[in-house]
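> Pasting final-v9.csv below, which is CSV, C-alpha atoms.
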```
chain,number,residue,atom,x,y,z
W,17,MET,CA,0.0,0.0,0.0
W,18,ALA,CA,1.4,3.4,-0.9
W,19,GLU,CA,2.1,5.8,1.9
W,20,LEU,CA,-0.2,8.8,2.2
W,21,VAL,CA,2.6,11.1,3.2
W,22,ASP,CA,5.4,11.6,0.7
W,23,ALA,CA,9.1,12.2,1.6
W,24,PRO,CA,10.1,15.9,1.9
W,25,ASP,CA,10.8,17.7,-1.3
W,26,SER,CA,14.5,18.1,-1.8
W,27,LYS,CA,14.2,21.9,-2.4
W,28,SER,CA,11.4,23.0,-0.2
W,29,GLY,CA,11.7,20.5,2.6
W,30,HIS,CA,7.9,20.4,2.9
W,31,PHE,CA,5.8,17.3,2.9
W,32,GLY,CA,3.2,16.6,0.4
W,33,GLY,CA,0.1,14.4,0.7
W,34,VAL,CA,-2.3,12.7,-1.6
W,35,GLY,CA,-4.5,15.5,-2.8
W,36,SER,CA,-2.6,17.8,-0.5
W,37,ILE,CA,-4.9,17.0,2.4
W,38,PRO,CA,-3.3,18.0,5.7
W,39,SER,CA,-3.4,15.6,8.6
W,40,THR,CA,-2.7,16.0,12.3
W,41,PRO,CA,0.0,13.3,12.4
W,42,THR,CA,1.7,14.9,9.4
W,43,LYS,CA,1.7,18.3,11.2
W,44,LYS,CA,3.2,16.7,14.3
W,45,MET,CA,5.9,15.0,12.3
W,46,ASN,CA,6.7,18.4,10.6
W,47,ILE,CA,7.1,19.9,14.1
W,48,LEU,CA,9.5,17.1,15.1
W,49,ARG,CA,11.4,17.5,11.8
W,50,SER,CA,11.6,21.3,12.4
W,51,LEU,CA,13.1,20.6,15.9
W,52,TYR,CA,15.5,18.1,14.3
W,53,ASN,CA,16.7,20.7,11.7
W,54,TRP,CA,16.8,23.5,14.2
W,55,THR,CA,19.0,21.4,16.5
W,56,LEU,CA,21.3,20.6,13.6
W,57,ASN,CA,21.8,24.3,13.0
W,58,LYS,CA,22.3,25.1,16.6
W,59,ALA,CA,24.7,22.2,17.5
W,60,GLY,CA,27.8,24.3,16.9
W,61,HIS,CA,26.6,27.0,19.4
W,62,LYS,CA,28.9,27.6,22.3
W,63,ASN,CA,26.1,26.8,24.8
W,64,ALA,CA,24.9,23.7,23.0
W,65,SER,CA,26.5,21.3,25.5
W,66,TRP,CA,24.8,23.2,28.4
W,67,PHE,CA,21.4,23.0,26.8
W,68,LEU,CA,21.9,19.2,26.2
W,69,SER,CA,23.0,18.8,29.9
W,70,ILE,CA,19.9,20.6,31.1
W,71,ILE,CA,17.6,18.3,29.1
W,72,SER,CA,19.4,15.3,30.3
W,73,PHE,CA,19.2,16.3,33.9
W,74,THR,CA,15.5,17.1,33.9
W,75,GLU,CA,14.5,14.1,31.9
W,76,SER,CA,15.8,11.8,34.6
W,77,SER,CA,13.6,13.3,37.2
W,78,PHE,CA,10.5,14.9,35.6
W,79,PHE,CA,10.8,16.2,32.0
W,80,PRO,CA,9.2,14.0,29.3
W,81,ILE,CA,11.5,14.5,26.4
W,82,PRO,CA,14.6,12.2,26.3
W,83,PRO,CA,18.0,13.8,25.5
W,84,ASP,CA,18.5,11.4,22.6
W,85,ILE,CA,16.3,13.6,20.4
W,86,LEU,CA,18.9,16.4,20.9
W,87,LEU,CA,22.0,14.2,21.1
W,88,ILE,CA,21.6,12.5,17.7
W,89,PRO,CA,21.3,15.7,15.6
W,90,MET,CA,24.0,17.4,17.6
W,91,VAL,CA,26.5,14.6,17.0
W,92,LEU,CA,25.5,14.4,13.4
W,93,ALA,CA,26.2,18.2,13.0
W,94,LYS,CA,29.5,18.1,14.9
W,95,ARG,CA,31.0,14.7,15.1
W,96,SER,CA,34.2,16.0,16.6
W,97,LYS,CA,32.3,16.6,19.8
W,98,ALA,CA,30.6,13.3,19.9
W,99,TRP,CA,32.3,12.1,23.1
W,100,ILE,CA,31.9,15.5,24.8
W,101,TYR,CA,28.1,15.3,24.1
W,102,ALA,CA,27.9,11.7,25.3
W,103,LEU,CA,29.8,12.6,28.5
W,104,ALA,CA,27.5,15.6,29.1
W,105,CYS,CA,24.4,13.4,28.6
W,106,THR,CA,25.8,10.7,31.0
W,107,LEU,CA,26.9,12.9,33.8
W,108,SER,CA,23.8,15.2,33.7
W,109,SER,CA,21.4,12.2,33.4
W,110,VAL,CA,23.0,10.6,36.5
W,111,GLY,CA,22.8,13.9,38.3
W,112,GLY,CA,19.2,14.2,37.4
W,113,GLY,CA,18.7,10.6,38.5
W,114,ILE,CA,20.1,11.4,41.9
W,115,PHE,CA,17.7,14.4,42.1
W,116,GLY,CA,14.9,12.0,41.3
W,117,TYR,CA,16.1,9.6,44.0
W,118,ILE,CA,16.0,12.5,46.5
W,119,ILE,CA,12.5,13.4,45.4
W,120,GLY,CA,11.4,9.8,46.0
W,121,TYR,CA,13.3,9.4,49.3
W,122,PHE,CA,12.3,12.7,51.0
W,123,PHE,CA,9.4,14.3,49.0
W,124,TYR,CA,7.4,11.5,47.4
W,125,ALA,CA,4.2,12.4,49.4
W,126,THR,CA,4.3,15.9,48.1
W,127,LEU,CA,6.3,16.3,44.9
W,128,GLY,CA,7.1,12.8,43.8
W,129,ILE,CA,3.5,11.7,43.7
W,130,LEU,CA,2.6,14.6,41.5
W,131,ILE,CA,5.2,13.6,38.9
W,132,VAL,CA,4.1,10.0,38.9
W,133,GLN,CA,0.4,11.1,38.6
W,134,THR,CA,1.3,13.3,35.6
W,135,TYR,CA,2.3,10.2,33.7
W,136,GLY,CA,-0.8,8.3,34.9
W,137,LEU,CA,1.3,5.7,36.8
W,138,SER,CA,0.4,6.2,40.4
W,139,GLU,CA,-1.5,2.9,40.7
W,140,SER,CA,1.3,1.0,39.0
W,141,PHE,CA,3.8,2.6,41.3
W,142,ASN,CA,2.2,1.0,44.4
W,143,SER,CA,2.2,-2.5,42.8
W,144,PHE,CA,5.8,-2.0,41.6
W,145,GLU,CA,7.4,-2.4,45.0
W,146,GLN,CA,7.8,-6.2,45.0
W,147,TYR,CA,9.3,-6.3,41.6
W,148,TYR,CA,11.7,-3.5,42.6
W,149,ASN,CA,12.7,-5.3,45.8
W,150,ASP,CA,13.5,-8.5,43.8
W,151,TYR,CA,15.0,-7.0,40.6
W,152,GLY,CA,15.9,-3.4,41.5
W,153,ILE,CA,19.4,-3.4,40.0
W,154,LEU,CA,18.3,-5.1,36.8
W,155,ILE,CA,15.4,-2.7,36.5
W,156,ILE,CA,17.7,0.3,36.7
W,157,LEU,CA,20.0,-1.2,34.2
W,158,GLY,CA,17.2,-1.9,31.7
W,159,ALA,CA,15.5,1.5,32.2
W,160,GLY,CA,18.8,3.4,31.9
W,161,PHE,CA,19.5,1.8,28.5
W,162,THR,CA,16.0,1.6,26.9
W,163,PRO,CA,13.2,4.1,26.2
W,164,PHE,CA,11.7,3.1,29.6
W,165,PRO,CA,10.7,6.2,31.6
W,166,PHE,CA,13.9,6.6,33.6
W,167,LYS,CA,12.3,9.2,36.0
W,168,PHE,CA,9.9,6.6,37.2
W,169,ILE,CA,12.8,4.4,38.2
W,170,THR,CA,14.8,7.2,39.8
W,171,ILE,CA,11.9,8.2,42.0
W,172,ALA,CA,11.1,4.6,42.8
W,173,SER,CA,14.7,4.0,43.9
W,174,GLY,CA,14.4,6.7,46.5
W,175,VAL,CA,10.9,5.6,47.7
W,176,PHE,CA,12.1,2.0,48.1
W,177,LYS,CA,15.4,3.1,49.6
W,178,LEU,CA,17.7,1.3,47.2
W,179,ASN,CA,21.4,1.6,48.2
W,180,ILE,CA,22.4,5.0,46.8
W,181,ILE,CA,25.9,3.9,45.8
W,182,HIS,CA,24.5,0.9,43.9
W,183,PHE,CA,22.0,3.2,42.3
W,184,ILE,CA,24.6,5.7,41.1
W,185,LEU,CA,27.0,3.0,39.8
W,186,VAL,CA,24.3,1.1,37.8
W,187,ALA,CA,22.7,4.3,36.5
W,188,THR,CA,26.1,5.6,35.4
W,189,PHE,CA,26.9,2.3,33.6
W,190,ALA,CA,23.5,2.1,31.9
W,191,ARG,CA,23.2,5.7,30.8
W,192,GLY,CA,26.8,5.8,29.7
W,193,LEU,CA,26.4,2.7,27.7
W,194,ARG,CA,23.3,4.2,26.0
W,195,PHE,CA,24.7,7.6,25.1
W,196,TYR,CA,28.2,6.4,24.2
W,197,LEU,CA,26.8,3.7,22.0
W,198,ILE,CA,24.8,6.4,20.1
W,199,ALA,CA,27.9,8.6,19.9
W,200,PHE,CA,30.0,5.7,18.7
W,201,LEU,CA,27.6,4.8,15.9
W,202,LEU,CA,27.1,8.4,14.8
W,203,TYR,CA,30.8,9.1,14.9
W,204,PHE,CA,31.9,6.3,12.7
W,205,PHE,CA,28.7,5.9,10.5
W,206,GLY,CA,27.4,9.4,10.7
W,207,ASN,CA,26.7,10.1,7.0
W,208,PRO,CA,24.7,6.9,6.3
W,209,ILE,CA,22.8,7.2,9.5
W,210,LYS,CA,21.9,10.9,8.7
W,211,GLU,CA,20.7,9.8,5.3
W,212,LEU,CA,18.6,7.1,6.9
W,213,ILE,CA,17.1,9.5,9.3
W,214,ASP,CA,16.4,12.1,6.6
W,215,LYS,CA,14.8,9.4,4.4
W,216,TYR,CA,12.7,7.6,7.1
W,217,PHE,CA,12.3,10.4,9.6
W,218,ASN,CA,8.5,9.9,10.1
W,219,LEU,CA,8.8,6.1,10.5
W,220,LEU,CA,11.7,6.3,13.0
W,221,ALA,CA,10.0,9.1,15.0
W,222,SER,CA,6.8,7.0,15.2
W,223,LEU,CA,8.8,3.9,16.2
W,224,PHE,CA,10.5,5.8,19.0
W,225,PHE,CA,7.2,7.0,20.4
W,226,ILE,CA,5.7,3.6,20.1
W,227,LEU,CA,8.5,2.1,22.2
W,228,LEU,CA,8.1,4.9,24.7
W,229,LEU,CA,4.4,4.4,25.0
W,230,GLY,CA,4.9,0.7,25.2
W,231,SER,CA,7.1,1.1,28.2
W,232,VAL,CA,4.5,3.2,30.0
W,233,ILE,CA,1.8,0.6,29.2
W,234,PHE,CA,4.1,-2.2,30.4
W,235,ILE,CA,4.4,-0.4,33.8
W,236,LYS,CA,0.7,0.2,34.0
W,237,PHE,CA,-0.1,-3.5,33.5
W,238,LEU,CA,2.9,-4.9,35.4
```
Reformat the file's structure so that it appears as structure tokens.


Amino acid sequence: MAELVDAPDSKSGHFGGVGSIPSTPTKKMNILRSLYNWTLNKAGHKNASWFLSIISFTESSFFPIPPDILLIPMVLAKRSKAWIYALACTLSSVGGGIFGYIIGYFFYATLGILIVQTYGLSESFNSFEQYYNDYGILIILGAGFTPFPFKFITIASGVFKLNIIHFILVATFARGLRFYLIAFLLYFFGNPIKELIDKYFNLLASLFFILLLGSVIFIKFL
């Protein structure tokens, strides 16, 4: 079956549709592509690393957008800084994870529960304790490397009083593995990957959000 949405025109960069009928999903994808292109243009800015660090920090405790969305175009735009960007993501993400841990440990009844409720996961959080007590380290490892909502895990680590040293070590390994793997692939295979993203941007963006949504659904029915 032919796709309803065409690839972007090489000159205009706009998307065309059958009969030029606009659709809401297409508009959303255009917004994401605009963000992607904007990030490519801004990646060389002197404050780019700081902006990436802020997103990485907040994503580990309450912010919904993962830093990968910024990391990928920034490395593609300036591969010489791939390892610096990966380090910024790793350290900031772990720092944000520690902040999420503190929220769960000291402020779950006030601030933490609001964050969990925002994502519609408050009921799942209560039933999550037994799994966490049995597989806490493995859960952190999996959540740190996959699209799993990491903020849910960092807050849970504080609530269930996981050993803070173990938490930091495992979170650092998982997040570092994730971000440095992305940096490694983009550094050595940047041009083919960029062409792949440009060609299949809508499909890849949809796949990413499906994985993210699937992670949330998995928690809700755990």

> If we count only C-alpha atoms, what is near Phe200 of chain W at a cut-off of 10 Å, once residues fewer than 3 positions away on the same chain are taken out, given as JSON, numbers by chain?

{"W": [91, 95, 98, 99, 102, 195, 196, 197, 203, 204, 205, 206]}

> For segment 114-123 of chain W, work out the shell of residues within 8 Å, counting only C-alpha atoms and skipping chain neighbours fewer than 5 positions away, then give it as a list in words.

Ser76, Ser77, Phe78, Gly128, Lys167, Thr170, Ile171, Ala172, Ser173, Gly174, Val175, Phe176, Lys177 and Ile184 of chain W

> Can you work out the spacing between atom CA of Phe161 of chain W and atom CA of Leu193 of chain W in Å, to one decimal?

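Distance between the two atoms: 7.0 Å.
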
> Here is a test: counting only C-alpha atoms, which residue of W:Ile213, W:Phe168, W:Leu107, W:Ile156 is nearest to Tyr124 of chain W?

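Under the stated criterion, the closest residue is W:Phe168.
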
> Neighbours of Ala190 of chain W within 12 Å (only C-alpha atoms; same-chain residues fewer than 5 positions away dropped), as a PDB file with C-alpha atoms, in the coordinates of the input?


```pdb
ATOM      1  CA  CYS W 105      24.400  13.400  28.600  1.00  0.00           C
ATOM      2  CA  THR W 106      25.800  10.700  31.000  1.00  0.00           C
ATOM      3  CA  LEU W 107      26.900  12.900  33.800  1.00  0.00           C
ATOM      4  CA  SER W 109      21.400  12.200  33.400  1.00  0.00           C
ATOM      5  CA  VAL W 110      23.000  10.600  36.500  1.00  0.00           C
ATOM      6  CA  GLY W 113      18.700  10.600  38.500  1.00  0.00           C
ATOM      7  CA  ILE W 153      19.400  -3.400  40.000  1.00  0.00           C
ATOM      8  CA  LEU W 154      18.300  -5.100  36.800  1.00  0.00           C
ATOM      9  CA  ILE W 155      15.400  -2.700  36.500  1.00  0.00           C
ATOM     10  CA  ILE W 156      17.700   0.300  36.700  1.00  0.00           C
ATOM     11  CA  LEU W 157      20.000  -1.200  34.200  1.00  0.00           C
ATOM     12  CA  GLY W 158      17.200  -1.900  31.700  1.00  0.00           C
ATOM     13  CA  ALA W 159      15.500   1.500  32.200  1.00  0.00           C
ATOM     14  CA  GLY W 160      18.800   3.400  31.900  1.00  0.00           C
ATOM     15  CA  PHE W 161      19.500   1.800  28.500  1.00  0.00           C
ATOM     16  CA  THR W 162      16.000   1.600  26.900  1.00  0.00           C
ATOM     17  CA  PRO W 163      13.200   4.100  26.200  1.00  0.00           C
ATOM     18  CA  PHE W 166      13.900   6.600  33.600  1.00  0.00           C
ATOM     19  CA  PHE W 183      22.000   3.200  42.300  1.00  0.00           C
ATOM     20  CA  ILE W 184      24.600   5.700  41.100  1.00  0.00           C
ATOM     21  CA  LEU W 185      27.000   3.000  39.800  1.00  0.00           C
ATOM     22  CA  PHE W 195      24.700   7.600  25.100  1.00  0.00           C
ATOM     23  CA  TYR W 196      28.200   6.400  24.200  1.00  0.00           C
ATOM     24  CA  LEU W 197      26.800   3.700  22.000  1.00  0.00           C
TER      25      LEU W 197
END
```

> In Å to one decimal, how far is atom CA of Ile169 of chain W from atom CA of Ile198 of chain W?

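Atom CA of Ile169 of chain W lies at a distance of 21.8 Å from atom CA of Ile198 of chain W.
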
> Which polymer residues have any atom within 9 Å of an atom of Leu92 of chain W, counting all atoms listed in the file, with same-chain residues fewer than 5 positions away left out, as a list in words?

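Final neighbour list, sorted by chain and number: Leu56, Ala59, Leu87, Ala98, Leu202, Tyr203, Gly206, Asn207, Ile209 and Lys210 of chain W.
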
> Keeping only C-alpha atoms, take the residues you just selected and write them out as a short mmCIF file (atom, residue, chain, number, x, y, z; two decimals), keeping the file's coordinate frame.


```cif
data_model
loop_
_atom_site.label_atom_id
_atom_site.label_comp_id
_atom_site.auth_asym_id
_atom_site.auth_seq_id
_atom_site.Cartn_x
_atom_site.Cartn_y
_atom_site.Cartn_z
CA LEU W 56 21.30 20.60 13.60
CA ALA W 59 24.70 22.20 17.50
CA LEU W 87 22.00 14.20 21.10
CA ALA W 98 30.60 13.30 19.90
CA LEU W 202 27.10 8.40 14.80
CA TYR W 203 30.80 9.10 14.90
CA GLY W 206 27.40 9.40 10.70
CA ASN W 207 26.70 10.10 7.00
CA ILE W 209 22.80 7.20 9.50
CA LYS W 210 21.90 10.90 8.70
#
```

> Give as a PyMOL selection string the set of residues within 7 Å of the point (22.3, 16.1, 32.1), where distances use the file's coordinates and only C-alpha atoms.

chain W and resi 68-73+104-109+111-112

> Would you place a box with edges along x, y and z of the file around all atoms of segment 182-190 of chain W listed there, add 4 Å to each of its six sides, and report the centre and edge lengths in Å to one decimal, as lines of an AutoDock Vina configuration file?


```
center_x = 24.5
center_y = 3.3
center_z = 37.9
size_x = 13.0
size_y = 12.8
size_z = 20.0
```
